[in-house]
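Report on the following structure.
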Amino acid sequence: MVGAGRLRGVSDQRVVALLGVGVVPADTPILRADDLGALRGDGIFESMHVRSGRAWLLDEHLGRMAQSAARMDLALPARDRLVELAGQVLAHWPTDVEGALRLVCTRGLEDAGGAVTVFATASAVGEGLKQARRDGIAVVTASLGFPAELRRSAPWLLGGAKTLSYAVNMASQRWAQSVGADDVLWVSADGYGLEAPTSTLVWLDDSTLCTVPVNRTGILAGTTARWLLDHAESLGWTTAERMITPTGLTRTSGAWLTSSIRGVAAVRTLDGAEMPFSAEHTGRIRDLLGFA
């Protein structure tokens with residue numbers, strides 16, 4: 001039986017659901033030890049912001065997930081089944097709690113004949129992410145070691161796919177924290193700023209809101225950044241996709257890292273140097289995106 005005040009599948013503001021099964025107790029083991037998602041990071045995922053009990057930009061995230069699956073040659077289940085899975089989790093999520101919804105699809109067991117493992121989780125957004133929205137972040141640059149346009153001709157690098165292989169991403173952020181920063185801006189071998197381990201770079205050049213071109217560089221297409229640029233006209237700004245160096249960022253009207261869960265975080269320092277910052281611009285972006 002479920003204890004008083006505790007829904008089945010909900011534990012400390014966590015919800016877990018399996019495709020074809022539904023919501024299960026949040027501490028239920030759901031991956032076998034030989035699942036390729038656990039063994040090799042062989043799979044894909046999407047993270048969505050949950051507000052008022054709904055997943056923001058669900059359709060856009062499912063579209064990107066399908067693109068990732070195609071690049072991975074992964075048998076992603078039909079969209080309507082993923083929508084149903086997300087709905088099962090959200091039905092158990094408190095509508096007054098800001099959350100993060102994650103949809104995960106692994107390649108499953110090595111000898112399972114292509115049968116994937118699919119599950120969804122919801123958890124509360126941590127205070128650290130909320131603070132980054134309010135106060136901004138310190139960012140350091142780190143080289144990826146290859147030219148900005150290499151991934152266009154190197155499909156094995158899985159440019160633009162949101163995979164479970166996040167060891168490098170997390171190592172980058174741990175390194176940033178070890179040197180007193182909050183996040184990393186990855187830089188190409190030829191000197192261009194590309195993206196952050198879990199977010200997309202945007203910047204304001206006078207009245208033009210810019211981001212890095214996806215097709216030219218093979219970076220992950222940011223759903224939050226795309227929505228922001230598509231609606232930037234309401235802020236009185238035009239938009240563009242451009243290449244930029246870290247030095248060039250210091251001469252802009254401000255730069256931000258955007259992502260699905262953190263929302264928008266102003267880059268306050270870059271490699272220890274103060275960045276242009278406008279509390280007004282940051283607040284307007286945050287309000288437009290709907291983040292508290």
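Just remember, in the structure tokens the first chain shown is A, the second B, etc., residues are 1-based per chain, and ligands are 1-based in the order shown.
Taking only C-alpha atoms, the non-local environment of segment 124-134 of chain A within 7 Å (same-chain residues fewer than 6 positions away omitted) comprises Gln13, Val97, Glu98, Gly99, Ala100, Arg262, Gly263, Val264 and Ala265 of chain A.
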Write out as a PyMOL selection string all residues of segment 255-291 of chain A that backbone DSSP assigns to alpha helix (DSSP H). chain A and resi 279-289
Emit the selected residues as a PDB file, in the first residue's frame, including C-alpha atoms.
ATOM      1  CA  ALA A 279      19.941  42.866 -15.728  1.00  0.00           C
ATOM      2  CA  GLU A 280      17.166  44.311 -17.886  1.00  0.00           C
ATOM      3  CA  HIS A 281      18.019  42.163 -20.924  1.00  0.00           C
ATOM      4  CA  THR A 282      18.384  39.065 -18.766  1.00  0.00           C
ATOM      5  CA  GLY A 283      15.064  39.675 -17.040  1.00  0.00           C
ATOM      6  CA  ARG A 284      13.259  40.215 -20.335  1.00  0.00           C
ATOM      7  CA  ILE A 285      14.671  36.979 -21.756  1.00  0.00           C
ATOM      8  CA  ARG A 286      13.807  35.060 -18.607  1.00  0.00           C
ATOM      9  CA  ASP A 287      10.255  36.435 -18.613  1.00  0.00           C
ATOM     10  CA  LEU A 288       9.763  35.654 -22.295  1.00  0.00           C
ATOM     11  CA  LEU A 289      10.908  32.072 -21.745  1.00  0.00           C
TER      12      LEU A 289
END
Every residue of segment 38-287 of chain A that DSSP places in strand (DSSP E or B), as JSON, numbers by chain: {"A": [43, 44, 45, 46, 47, 48, 49, 50, 51, 54, 55, 99, 100, 101, 102, 103, 104, 105, 106, 109, 117, 118, 119, 120, 121, 122, 123, 124, 137, 138, 139, 140, 141, 142, 143, 163, 183, 184, 185, 186, 187, 193, 196, 199, 200, 201, 202, 203, 204, 205, 208, 209, 210, 211, 238, 239, 240, 241, 255, 256, 257, 258, 259, 263, 264, 265, 266, 267, 268, 269, 270, 273, 274]}
May I have the residues within 12 Å of His231 of chain A as a count of residues only, using only C-alpha atoms and disregarding those fewer than 3 positions away in the same chain? 17
Give me the residues near Thr211 of chain A as an MDAnalysis selection string, where near means some atom within 8 Å (using only C-alpha atoms) and where sequence neighbours in that chain fewer than 5 positions away do not count. chainID A and resid 200:203 225 240:243
What does the file look like for those residues with N, CA and C atoms, as a PDB file, in the first residue's frame?
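Done, and the output landed in selection.pdb:
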ATOM      1  N   THR A 200      23.119  25.948 -24.715  1.00  0.00           N
ATOM      2  CA  THR A 200      23.394  26.601 -25.994  1.00  0.00           C
ATOM      3  C   THR A 200      23.806  28.048 -25.760  1.00  0.00           C
ATOM      4  N   LEU A 201      24.776  28.497 -26.532  1.00  0.00           N
ATOM      5  CA  LEU A 201      25.263  29.871 -26.428  1.00  0.00           C
ATOM      6  C   LEU A 201      24.405  30.810 -27.268  1.00  0.00           C
ATOM      7  N   VAL A 202      23.961  31.912 -26.658  1.00  0.00           N
ATOM      8  CA  VAL A 202      23.325  33.006 -27.389  1.00  0.00           C
ATOM      9  C   VAL A 202      23.959  34.313 -26.916  1.00  0.00           C
ATOM     10  N   TRP A 203      23.954  35.320 -27.789  1.00  0.00           N
ATOM     11  CA  TRP A 203      24.510  36.613 -27.393  1.00  0.00           C
ATOM     12  C   TRP A 203      23.782  37.724 -28.140  1.00  0.00           C
ATOM     13  N   ALA A 225      16.865  27.724 -27.056  1.00  0.00           N
ATOM     14  CA  ALA A 225      17.462  28.799 -27.852  1.00  0.00           C
ATOM     15  C   ALA A 225      16.661  29.045 -29.122  1.00  0.00           C
ATOM     16  N   ALA A 240      20.129  36.247 -35.773  1.00  0.00           N
ATOM     17  CA  ALA A 240      21.105  35.787 -36.754  1.00  0.00           C
ATOM     18  C   ALA A 240      21.836  34.572 -36.204  1.00  0.00           C
ATOM     19  N   GLU A 241      22.386  33.775 -37.107  1.00  0.00           N
ATOM     20  CA  GLU A 241      23.280  32.679 -36.745  1.00  0.00           C
ATOM     21  C   GLU A 241      24.673  33.049 -37.226  1.00  0.00           C
ATOM     22  N   ARG A 242      25.631  33.082 -36.304  1.00  0.00           N
ATOM     23  CA  ARG A 242      26.976  33.555 -36.617  1.00  0.00           C
ATOM     24  C   ARG A 242      28.020  32.737 -35.874  1.00  0.00           C
ATOM     25  N   MET A 243      29.228  32.788 -36.369  1.00  0.00           N
ATOM     26  CA  MET A 243      30.370  32.257 -35.650  1.00  0.00           C
ATOM     27  C   MET A 243      30.972  33.392 -34.825  1.00  0.00           C
TER      28      MET A 243
END
Exercise: segment 161-171 of chain A partners within 9 Å, only C-alpha atoms, chain neighbours under 2 positions left out, as a ChimeraX atom specification: /A:37-38,40-46,64-65,67-72,104-106,158-159,173-176,196-198,218-221
Residue neighbourhood Leu194 of chain A, 8 Å, only C-alpha atoms, exclusion window fewer than 5 positions, as number ranges by chain: A: 148, 185-188, 201, 212, 217, 219
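Compared by their closest atoms to Gly145 of chain A, and using only C-alpha atoms, the residues A:Gly20, A:Gly63, A:Gly160, A:Gly191 rank with A:Gly191 nearest.
Put simply, atom CA of Ala122 of chain A is 11.0 Å away from atom CA of Gly87 of chain A.
Minimum distance to Gly53 of chain A across A:Val89, A:Arg32, A:Leu270, A:Leu19 (counting only C-alpha atoms) occurs at A:Val89.
Interatomic distance, atom CA of Ala120 of chain A to atom CA of Leu85 of chain A: 6.9 Å.
When only C-alpha atoms are used to measure the gap to Val24 of chain A, the shortest distance among A:Gln177, A:Asn215, A:Thr117, A:His92 belongs to A:His92.
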Taking only C-alpha atoms into account, name the residue in A:Pro77, A:Gly222, A:Gly193, A:Pro246 that is nearest to Ser260 of chain A. A:Gly222
Extract, using only C-alpha atoms, all DNA, RNA and protein residues at most 12 Å from Trp93 of chain A, discarding same-chain residues fewer than 2 positions from it, and format them as a ChimeraX atom specification. /A:6-17,23,50-55,86-91,95-101,121-124
